[in-house]
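**Q** Dropping in query39.cif, with mmCIF, C-alpha atoms.
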data_data
#
loop_
_atom_site.label_atom_id
_atom_site.label_comp_id
_atom_site.auth_asym_id
_atom_site.auth_seq_id
_atom_site.Cartn_x
_atom_site.Cartn_y
_atom_site.Cartn_z
CA MET A 1 -124.29 -3.74 -45.03
CA ALA A 2 -123.37 -7.25 -46.18
CA PRO A 3 -120.61 -8.97 -44.18
CA ILE A 4 -117.21 -9.24 -45.85
CA ASP A 5 -116.28 -12.73 -46.98
CA PRO A 6 -113.35 -13.91 -44.78
CA HIS A 7 -111.79 -15.51 -47.85
CA TYR A 8 -111.45 -12.10 -49.49
CA LEU A 9 -110.02 -10.60 -46.31
CA TRP A 10 -107.52 -13.47 -46.26
CA ALA A 11 -106.52 -12.76 -49.85
CA PHE A 12 -106.35 -9.02 -49.14
CA GLY A 13 -103.88 -9.66 -46.34
CA HIS A 14 -101.65 -11.68 -48.63
CA GLY A 15 -101.90 -9.04 -51.34
CA VAL A 16 -100.78 -6.37 -48.87
CA MET A 17 -97.86 -8.54 -47.75
CA LEU A 18 -96.78 -9.25 -51.33
CA LEU A 19 -96.88 -5.63 -52.52
CA CYS A 20 -95.22 -4.22 -49.42
CA ALA A 21 -92.57 -6.95 -49.43
CA ALA A 22 -91.69 -6.13 -53.03
CA TYR A 23 -91.15 -2.48 -52.07
CA VAL A 24 -89.10 -3.33 -48.96
CA LEU A 25 -86.88 -5.75 -50.87
CA LEU A 26 -86.42 -3.21 -53.66
CA GLN A 27 -85.20 -0.68 -51.13
CA THR A 28 -82.86 -3.32 -49.72
CA VAL A 29 -81.35 -4.04 -53.14
CA PHE A 30 -80.53 -0.34 -53.55
CA PHE A 31 -79.08 -0.15 -50.00
CA ARG A 32 -81.70 2.33 -48.86
CA PRO A 33 -83.08 2.58 -45.31
CA THR A 34 -85.91 0.24 -44.40
CA PRO A 35 -89.30 1.87 -45.09
CA LEU A 36 -90.63 1.22 -41.60
CA LYS A 37 -94.30 1.93 -42.30
CA THR A 38 -94.31 -0.33 -45.35
CA TYR A 39 -92.45 -3.03 -43.42
CA LYS A 40 -95.02 -2.99 -40.61
CA LEU A 41 -97.88 -2.86 -43.09
CA ALA A 42 -96.52 -6.00 -44.75
CA PHE A 43 -96.59 -7.94 -41.50
CA SER A 44 -100.00 -6.48 -40.67
CA GLY A 45 -101.27 -8.12 -43.86
CA ALA A 46 -99.64 -11.41 -42.88
CA LEU A 47 -101.19 -11.23 -39.41
CA LEU A 48 -104.64 -10.65 -40.92
CA SER A 49 -104.36 -13.67 -43.21
CA TYR A 50 -102.89 -16.05 -40.66
CA SER A 51 -105.37 -14.96 -37.98
CA ILE A 52 -108.28 -15.86 -40.25
CA VAL A 53 -106.83 -19.29 -40.96
CA VAL A 54 -106.04 -19.94 -37.29
CA TYR A 55 -109.55 -18.92 -36.25
CA LYS A 56 -111.01 -21.22 -38.88
CA SER A 57 -108.89 -24.21 -37.90
CA LEU A 58 -108.74 -23.82 -34.09
CA GLY A 59 -111.67 -21.57 -33.22
CA ARG A 60 -111.56 -18.98 -30.47
CA PRO A 61 -108.46 -19.08 -28.24
CA GLN A 62 -109.12 -21.07 -25.08
CA LEU A 63 -107.13 -21.25 -21.88
CA ASN A 64 -107.11 -25.02 -21.62
CA GLN A 65 -104.43 -27.62 -22.18
CA ALA A 66 -106.08 -29.28 -25.17
CA TRP A 67 -106.36 -26.05 -27.18
CA ILE A 68 -102.83 -24.93 -26.28
CA ARG A 69 -101.36 -28.29 -27.30
CA ARG A 70 -103.09 -28.06 -30.67
CA ALA A 71 -101.92 -24.49 -31.15
CA ILE A 72 -98.28 -25.27 -30.34
CA VAL A 73 -97.96 -27.74 -33.21
CA ASP A 74 -100.17 -25.81 -35.67
CA GLU A 75 -97.86 -24.28 -38.26
CA ASN A 76 -100.20 -21.41 -39.08
CA VAL A 77 -100.13 -20.42 -35.39
CA GLN A 78 -96.34 -20.54 -35.49
CA TYR A 79 -96.18 -18.26 -38.53
CA ALA A 80 -98.77 -15.92 -37.03
CA ILE A 81 -96.65 -15.56 -33.87
CA LEU A 82 -93.53 -15.04 -35.99
CA ALA A 83 -95.28 -12.32 -38.00
CA LEU A 84 -96.33 -10.62 -34.76
CA TYR A 85 -92.76 -10.78 -33.48
CA TRP A 86 -91.36 -9.16 -36.64
CA TRP A 87 -94.08 -6.53 -36.46
CA ILE A 88 -92.89 -5.60 -32.95
CA ALA A 89 -89.14 -6.17 -33.23
CA LYS A 90 -86.46 -4.10 -34.93
CA PRO A 91 -86.80 -4.49 -38.72
CA VAL A 92 -84.76 -7.20 -40.40
CA ASN A 93 -85.51 -6.95 -44.10
CA VAL A 94 -84.62 -10.54 -44.98
CA SER A 95 -87.28 -11.75 -42.52
CA ILE A 96 -89.93 -10.82 -45.05
CA LEU A 97 -88.80 -13.40 -47.62
CA PRO A 98 -90.69 -16.50 -46.35
CA PHE A 99 -93.95 -14.59 -45.91
CA ALA A 100 -93.63 -12.96 -49.33
CA THR A 101 -93.06 -16.37 -50.93
CA PHE A 102 -96.20 -17.82 -49.35
CA SER A 103 -98.19 -14.73 -50.31
CA LEU A 104 -97.09 -14.98 -53.94
CA PHE A 105 -98.51 -18.49 -54.22
CA HIS A 106 -101.68 -17.62 -52.31
CA CYS A 107 -102.36 -14.57 -54.48
CA LEU A 108 -101.79 -16.49 -57.72
CA THR A 109 -104.10 -19.28 -56.60
CA PHE A 110 -106.76 -16.80 -55.47
CA LEU A 111 -106.51 -15.03 -58.84
CA ARG A 112 -107.01 -18.32 -60.67
CA THR A 113 -109.83 -19.73 -58.54
CA ASN A 114 -111.77 -16.62 -57.53
CA ILE A 115 -111.06 -13.67 -59.81
CA ILE A 116 -110.69 -15.10 -63.31
CA PRO A 117 -113.91 -17.20 -63.12
CA LYS A 118 -115.89 -14.00 -62.47
CA PHE A 119 -115.14 -12.92 -66.04
CA ALA A 120 -116.99 -15.93 -67.45
CA PRO A 121 -120.03 -14.90 -69.52
CA PRO A 122 -123.47 -15.59 -68.01
CA PRO A 123 -125.20 -18.83 -69.06
CA PRO A 124 -127.26 -18.50 -72.25
CA PRO A 125 -130.98 -17.88 -71.72
CA ALA A 126 -133.34 -20.81 -72.23
CA SER A 127 -135.35 -20.75 -75.45
CA GLY A 128 -138.34 -22.59 -76.93
CA ALA A 129 -139.59 -24.12 -73.68
CA GLY A 130 -141.85 -23.07 -70.90
CA ALA A 131 -140.69 -21.07 -67.95
CA GLY A 132 -140.46 -24.17 -65.78
CA ALA A 133 -138.48 -26.12 -68.36
CA GLY A 134 -136.26 -23.10 -68.97
CA ALA A 135 -135.53 -22.76 -65.28
CA GLY A 136 -134.68 -26.46 -65.08
CA ALA A 137 -132.38 -26.21 -68.08
CA GLY A 138 -130.68 -23.16 -66.63
CA ALA A 139 -130.16 -24.90 -63.31
CA GLY A 140 -128.58 -27.91 -65.00
CA ALA A 141 -126.44 -25.91 -67.42
CA ARG A 142 -122.69 -26.20 -67.10
CA PRO A 143 -120.89 -23.03 -65.97
CA GLN A 144 -119.45 -20.97 -68.78
CA GLN A 145 -115.70 -20.78 -69.28
CA PRO A 146 -113.84 -17.45 -69.08
CA PRO A 147 -112.62 -15.89 -72.33
CA ALA A 148 -109.87 -17.85 -74.06
CA VAL A 149 -107.10 -15.47 -73.01
CA LEU A 150 -108.08 -15.61 -69.35
CA ASP A 151 -108.54 -19.36 -69.50
CA THR A 152 -104.99 -19.68 -70.87
CA ILE A 153 -103.68 -17.45 -68.08
CA SER A 154 -105.54 -19.54 -65.51
CA ARG A 155 -104.04 -22.78 -66.83
CA ARG A 156 -100.54 -21.30 -66.88
CA ILE A 157 -100.91 -20.08 -63.30
CA GLN A 158 -102.06 -23.53 -62.21
CA LEU A 159 -99.13 -25.21 -63.98
CA TRP A 160 -96.58 -22.71 -62.61
CA VAL A 161 -97.82 -23.11 -59.04
CA LYS A 162 -97.75 -26.90 -59.33
CA ASN A 163 -94.25 -27.00 -60.84
CA ASN A 164 -92.70 -24.49 -58.45
CA TYR A 165 -94.33 -25.37 -55.13
CA ASP A 166 -91.56 -27.66 -53.89
CA VAL A 167 -88.90 -25.24 -55.12
CA ALA A 168 -90.56 -22.42 -53.19
CA MET A 169 -90.81 -24.48 -50.00
CA ARG A 170 -87.12 -25.36 -50.24
CA PHE A 171 -86.35 -21.68 -50.75
CA VAL A 172 -88.35 -20.80 -47.64
CA ALA A 173 -86.51 -23.42 -45.58
CA TYR A 174 -83.10 -22.07 -46.60
CA ALA A 175 -84.28 -18.48 -46.17
CA GLU A 176 -85.25 -19.22 -42.57
CA LEU A 177 -81.78 -20.61 -41.91
CA LEU A 178 -80.29 -17.52 -43.55
CA ILE A 179 -82.36 -15.34 -41.24
CA CYS A 180 -80.90 -17.20 -38.24
CA VAL A 181 -77.36 -16.56 -39.50
CA ARG A 182 -78.18 -12.90 -40.11
CA LEU A 183 -79.52 -12.51 -36.57
CA ILE A 184 -76.53 -14.24 -34.98
CA LEU A 185 -74.17 -11.95 -36.90
CA GLY A 186 -76.31 -9.03 -35.76
CA VAL A 187 -75.81 -10.02 -32.13
CA VAL A 188 -72.04 -10.39 -32.63
CA THR A 189 -71.87 -6.91 -34.17
CA PHE A 190 -74.22 -5.44 -31.52
CA ARG A 191 -76.84 -4.54 -34.13
CA THR A 192 -79.51 -7.03 -33.06
CA SER A 193 -81.04 -8.00 -29.73
CA PHE A 194 -79.93 -11.41 -28.46
CA ILE A 195 -83.61 -12.32 -28.12
CA ALA A 196 -84.09 -12.29 -31.91
CA PRO A 197 -81.84 -15.27 -32.79
CA ILE A 198 -83.18 -17.26 -29.82
CA PHE A 199 -86.74 -16.66 -31.00
CA MET A 200 -85.92 -17.52 -34.62
CA LEU A 201 -83.90 -20.61 -33.74
CA HIS A 202 -86.80 -21.92 -31.68
CA PHE A 203 -89.10 -21.27 -34.63
CA VAL A 204 -86.78 -23.24 -36.93
CA ARG A 205 -86.81 -26.04 -34.34
CA LEU A 206 -90.60 -26.15 -34.61
CA ARG A 207 -90.35 -26.17 -38.40
CA TYR A 208 -87.76 -28.96 -38.24
CA HIS A 209 -90.29 -31.21 -36.49
CA ALA A 210 -93.05 -30.37 -38.98
CA SER A 211 -91.46 -29.80 -42.39
CA PRO A 212 -89.35 -32.22 -44.46
CA PHE A 213 -88.06 -29.21 -46.39
CA THR A 214 -86.59 -27.74 -43.20
CA ARG A 215 -85.07 -31.06 -42.20
CA THR A 216 -83.40 -31.34 -45.61
CA ALA A 217 -82.13 -27.76 -45.44
CA VAL A 218 -80.65 -28.31 -41.97
CA SER A 219 -79.03 -31.55 -43.10
CA ASN A 220 -77.48 -29.91 -46.17
CA ALA A 221 -76.28 -26.90 -44.19
CA THR A 222 -74.70 -29.19 -41.60
CA ALA A 223 -72.93 -31.19 -44.31
CA TYR A 224 -71.64 -27.97 -45.85
CA VAL A 225 -70.13 -26.80 -42.55
CA ASP A 226 -68.72 -30.30 -41.94
CA ASN A 227 -66.83 -30.09 -45.23
CA PHE A 228 -65.71 -26.56 -44.46
CA VAL A 229 -64.16 -27.37 -41.07
CA ALA A 230 -62.61 -30.65 -42.27
CA GLY A 231 -58.84 -30.28 -42.22
CA LYS A 232 -59.00 -27.06 -40.23
CA SER A 233 -57.52 -26.55 -36.78
CA PRO A 234 -58.56 -29.00 -34.02
CA VAL A 235 -59.97 -26.11 -32.00
CA LEU A 236 -62.37 -25.22 -34.81
CA GLN A 237 -63.37 -28.84 -35.37
CA ASN A 238 -63.96 -29.50 -31.67
CA GLY A 239 -65.97 -26.30 -31.39
CA TRP A 240 -68.17 -27.32 -34.31
CA ILE A 241 -68.68 -30.81 -32.85
CA THR A 242 -69.76 -29.24 -29.56
CA VAL A 243 -72.19 -26.91 -31.32
CA LYS A 244 -73.70 -29.81 -33.27
CA ARG A 245 -74.10 -31.89 -30.12
CA LEU A 246 -75.84 -29.07 -28.26
CA VAL A 247 -78.11 -28.20 -31.17
CA SER A 248 -78.97 -31.85 -31.77
CA SER A 249 -79.81 -32.40 -28.10
CA TRP A 250 -82.02 -29.30 -27.96
CA GLY A 251 -83.54 -29.42 -31.42
CA GLY A 252 -84.34 -33.11 -31.37
CA ALA A 253 -86.31 -33.01 -28.12
CA PRO A 254 -90.07 -33.62 -28.56
CA LEU A 255 -92.25 -30.53 -28.70
CA LEU A 256 -94.78 -31.95 -26.26
CA SER A 257 -94.52 -34.53 -23.53
CA GLY A 258 -97.45 -36.56 -24.88
CA GLY A 259 -96.92 -38.73 -27.94
CA ALA A 260 -100.18 -37.81 -29.64
CA GLY A 261 -99.70 -34.12 -29.31
CA ALA A 262 -96.12 -34.22 -30.45
CA GLY A 263 -96.99 -35.97 -33.65
CA SER A 264 -100.06 -34.00 -34.58
CA GLY A 265 -98.12 -31.35 -36.46
CA VAL A 266 -96.11 -33.74 -38.60
CA GLY A 267 -97.19 -33.90 -42.20
CA GLN A 268 -98.99 -30.57 -42.20
CA GLN A 269 -97.84 -27.77 -44.42
CA ALA A 270 -97.96 -24.13 -43.53
CA GLY A 271 -97.37 -23.30 -47.15
CA PRO A 272 -99.77 -22.32 -49.91
CA GLY A 273 -101.79 -25.54 -50.11
CA ALA A 274 -102.96 -25.90 -46.53
CA GLN A 275 -103.61 -22.24 -45.87
CA GLN A 276 -105.47 -21.87 -49.18
CA ALA A 277 -107.79 -24.76 -48.30
CA ALA A 278 -108.44 -23.47 -44.80
CA ALA A 279 -109.17 -19.96 -45.98
CA ALA A 280 -111.45 -21.21 -48.73
CA GLY A 281 -113.44 -23.09 -46.13
CA ALA A 282 -113.68 -19.97 -44.01
CA GLY A 283 -115.03 -18.05 -46.96
CA ARG A 284 -117.81 -20.51 -47.65
CA ARG A 285 -119.22 -20.62 -44.14
#
What is this structure when it is put down as C-alpha cells?

**A**
Amino acid sequence: MAPIDPHYLWAFGHGVMLLCAAYVLLQTVFFRPTPLKTYKLAFSGALLSYSIVVYKSLGRPQLNQAWIRRAIVDENVQYAILALYWWIAKPVNVSILPFATFSLFHCLTFLRTNIIPKFAPPPPPASGAGAGAGAGAGAGARPQQPPAVLDTISRRIQLWVKNNYDVAMRFVAYAELLICVRLILGVVTFRTSFIAPIFMLHFVRLRYHASPFTRTAVSNATAYVDNFVAGKSPVLQNGWITVKRLVSSWGGAPLLSGGAGAGSGVGQQAGPGAQQAAAAGAGRR
C-alpha cells in the first residue's frame, strides 16, 4: 500500500475543521446545545494539520533546551497546543473561529493548487517524429491548462485569498481577544474554569510578540476602553489604569531570556501562507 502524502493529510485535517466548525457555529446561531462530538472532531482535524506542520518544521520532539526554545516561539506549535487545550477543555463555541478562518484559506489554496490542476487534459501525443524525438517533445511540453471554467475559478480563488488575507488575520486577532473576554465573563458567572482565561491570555501574549495584527488589535481595544472610562468615576479610571499597568508589565516581558531566541518568532505568520508552504514541503518529501 502506497504511503499517504502528508500534504493531503494536512488538507484533510483542515477540511474536517472547516466543515465541523460550520456545523458548530450554525448550532450556536440557533441557540442549540454544542454538538460535542462535532466540536471535538473539529479540533482533531486542527491537531492533525498543525502536527504535520510542526513535525516538518521542527522534527521529532527533543528534550533539550535548543529544541524547546524553538518550539516556544513557533506559532504553529502555539496553535497546536491551543487546539489540544480546546479539545480537552469544556467547549467554548467561539474558540473555533480562528481555526475555522485559517482552515478556510488553507482549503481554498489547496483546491486551487492541488485539486483543480488535476482536471487539466493530458499533453497531446507526439506526431510525425521518431519515438525518441516524441519522448523529448513530450518531456519539454508545457503543462496543459484546466478547462476554462476551472481556470476562471482558480484565478478568482487566488484573487480572493490575496485580497482578504489581511482582513482575515485582523479578524482572527480580534476574535482571540473576544474569546478572552468570553472566558473572563464565564469565570465571573461560574460557567468557566479560571484556568481557561489564564491559558488564553498567555496565548494572546505569545501572539502579541509575534503578530502585528494582534498588536494592532490590542492597541485598538485599549484605546476603546480608554475612551469608555474617560469621564467616569475615579474608582473606575484608577482600576483601569492598574489593570493596564499589570498587563503591560506581564505582557511586555520577553518570552525567552536570550535575545536570539526571543526574537526568532517575530515576523513569522501562523496564518495561511506559512502553514501552506510548510505543508507543501512536507508533501513533496

**Q** Ranking A:Phe203, A:Phe194, A:Trp86, A:Phe171 by minimum distance to Ile72 in chain A and counting all atoms listed in the file, which one comes first?

**A**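 Using all atoms listed in the file, Ile72 in chain A sits closest to A:Phe203.
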
**Q** Enter the distance from CA of Met169 in chain A to CA of Gly13 in chain A, in Å, rounded to one decimal.

**A**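 Between CA of Met169 in chain A and CA of Gly13 in chain A the gap is 20.1 Å.
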
**Q** Choose the residue, out of A:Ala230, A:Val16, A:Ala223, A:Ala71, that has the smallest atom-to-atom separation from Lys244 in chain A; count only C-alpha atoms.

**A**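 Result for the nearest residue to Lys244 in chain A: A:Ala223.
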
**Q** Take the PyMOL selection byres ((chain A and resi 100) around 12), run it mentally on this structure, and tell me the resulting residues as a ChimeraX atom specification.

**A** /A:13-25,39,42-43,45-46,83,93-99,101-107,168-169,171-172,175,271-272

**Q** So, counting only C-alpha atoms, which residue among A:Val53, A:Leu183, A:Ala148, A:Ala120 is closest to Lys90 in chain A?

**A**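 Closest residue, counting only C-alpha atoms: A:Leu183.
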
**Q** Just to confirm, what's the straight-line distance from CA of Lys118 in chain A to CA of Val149 in chain A in Å (one decimal)?

**A**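 Those two atoms sit 13.8 Å apart.
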
**Q** Please compute the CA of Ile157 in chain A-CA of Tyr8 in chain A distance, one decimal, in Å.

**A**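 Straight-line distance from CA of Ile157 in chain A to CA of Tyr8 in chain A works out to 19.1 Å.
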
**Q** Please return, as a list in words, all polymer residues that have at least one atom within 12 Å of the point (-78.7, -8.2, -33.7); use all atoms listed in the file and the file's own coordinate frame.

**A**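 I get Ala89, Lys90, Pro91, Val92, Ile179, Cys180, Val181, Arg182, Leu183, Ile184, Leu185, Gly186, Val187, Val188, Thr189, Phe190, Arg191, Thr192, Ser193, Phe194, Ile195, Ala196, Pro197, Ile198, Phe199 and Met200 of chain A for the residues within 12 Å of that point.
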
**Q** Name the closest residue to Leu177 in chain A among the candidates A:Asn227, A:Thr34, A:Asn163, A:Ser219; distances are taken between atoms, counting only C-alpha atoms.

**A**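 Among the listed residues, the smallest separation from Leu177 in chain A belongs to A:Ser219.
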
**Q** Which one is closest to Tyr208 in chain A: A:Leu108, A:Ala173, A:Ile4, A:Val225? Count all atoms listed in the file.

**A**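 Ranking A:Leu108, A:Ala173, A:Ile4, A:Val225 by distance to Tyr208 in chain A, first place goes to A:Ala173.
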
**Q** Which residue out of A:Tyr50, A:Trp87, A:Phe110, A:Trp10 has the minimum interatomic distance to Thr38 in chain A when only C-alpha atoms are used?

**A**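 For Thr38 in chain A, the nearest of the given residues is A:Trp87.
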
**Q** With the PyMOL selection byres ((chain A and resi 214) around 9) as the selection, what would be picked from this file? Answer as a ChimeraX atom specification, please.

**A** /A:169-170,172-174,176-177,204,207-213,215-219

**Q** Produce a file of the selected residues containing C-alpha atoms, as a short mmCIF file (atom, residue, chain, number, x, y, z; two decimals), in the frame of the given file.

**A**
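result.cif written:
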data_model
loop_
_atom_site.label_atom_id
_atom_site.label_comp_id
_atom_site.auth_asym_id
_atom_site.auth_seq_id
_atom_site.Cartn_x
_atom_site.Cartn_y
_atom_site.Cartn_z
CA MET A 169 -90.81 -24.48 -50.00
CA ARG A 170 -87.12 -25.36 -50.24
CA VAL A 172 -88.35 -20.80 -47.64
CA ALA A 173 -86.51 -23.42 -45.58
CA TYR A 174 -83.10 -22.07 -46.60
CA GLU A 176 -85.25 -19.22 -42.57
CA LEU A 177 -81.78 -20.61 -41.91
CA VAL A 204 -86.78 -23.24 -36.93
CA ARG A 207 -90.35 -26.17 -38.40
CA TYR A 208 -87.76 -28.96 -38.24
CA HIS A 209 -90.29 -31.21 -36.49
CA ALA A 210 -93.05 -30.37 -38.98
CA SER A 211 -91.46 -29.80 -42.39
CA PRO A 212 -89.35 -32.22 -44.46
CA PHE A 213 -88.06 -29.21 -46.39
CA ARG A 215 -85.07 -31.06 -42.20
CA THR A 216 -83.40 -31.34 -45.61
CA ALA A 217 -82.13 -27.76 -45.44
CA VAL A 218 -80.65 -28.31 -41.97
CA SER A 219 -79.03 -31.55 -43.10
#

**Q** Neighbours of Trp240 in chain A within 10 Å (only C-alpha atoms; same-chain residues fewer than 6 positions away dropped), as a CSV table (one decimal) with C-alpha atoms, keeping the file's coordinate frame?

**A**
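What ended up in result.csv:
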chain,number,residue,atom,x,y,z
A,222,THR,CA,-74.7,-29.2,-41.6
A,225,VAL,CA,-70.1,-26.8,-42.6
A,226,ASP,CA,-68.7,-30.3,-41.9
A,229,VAL,CA,-64.2,-27.4,-41.1
A,234,PRO,CA,-58.6,-29.0,-34.0
A,246,LEU,CA,-75.8,-29.1,-28.3
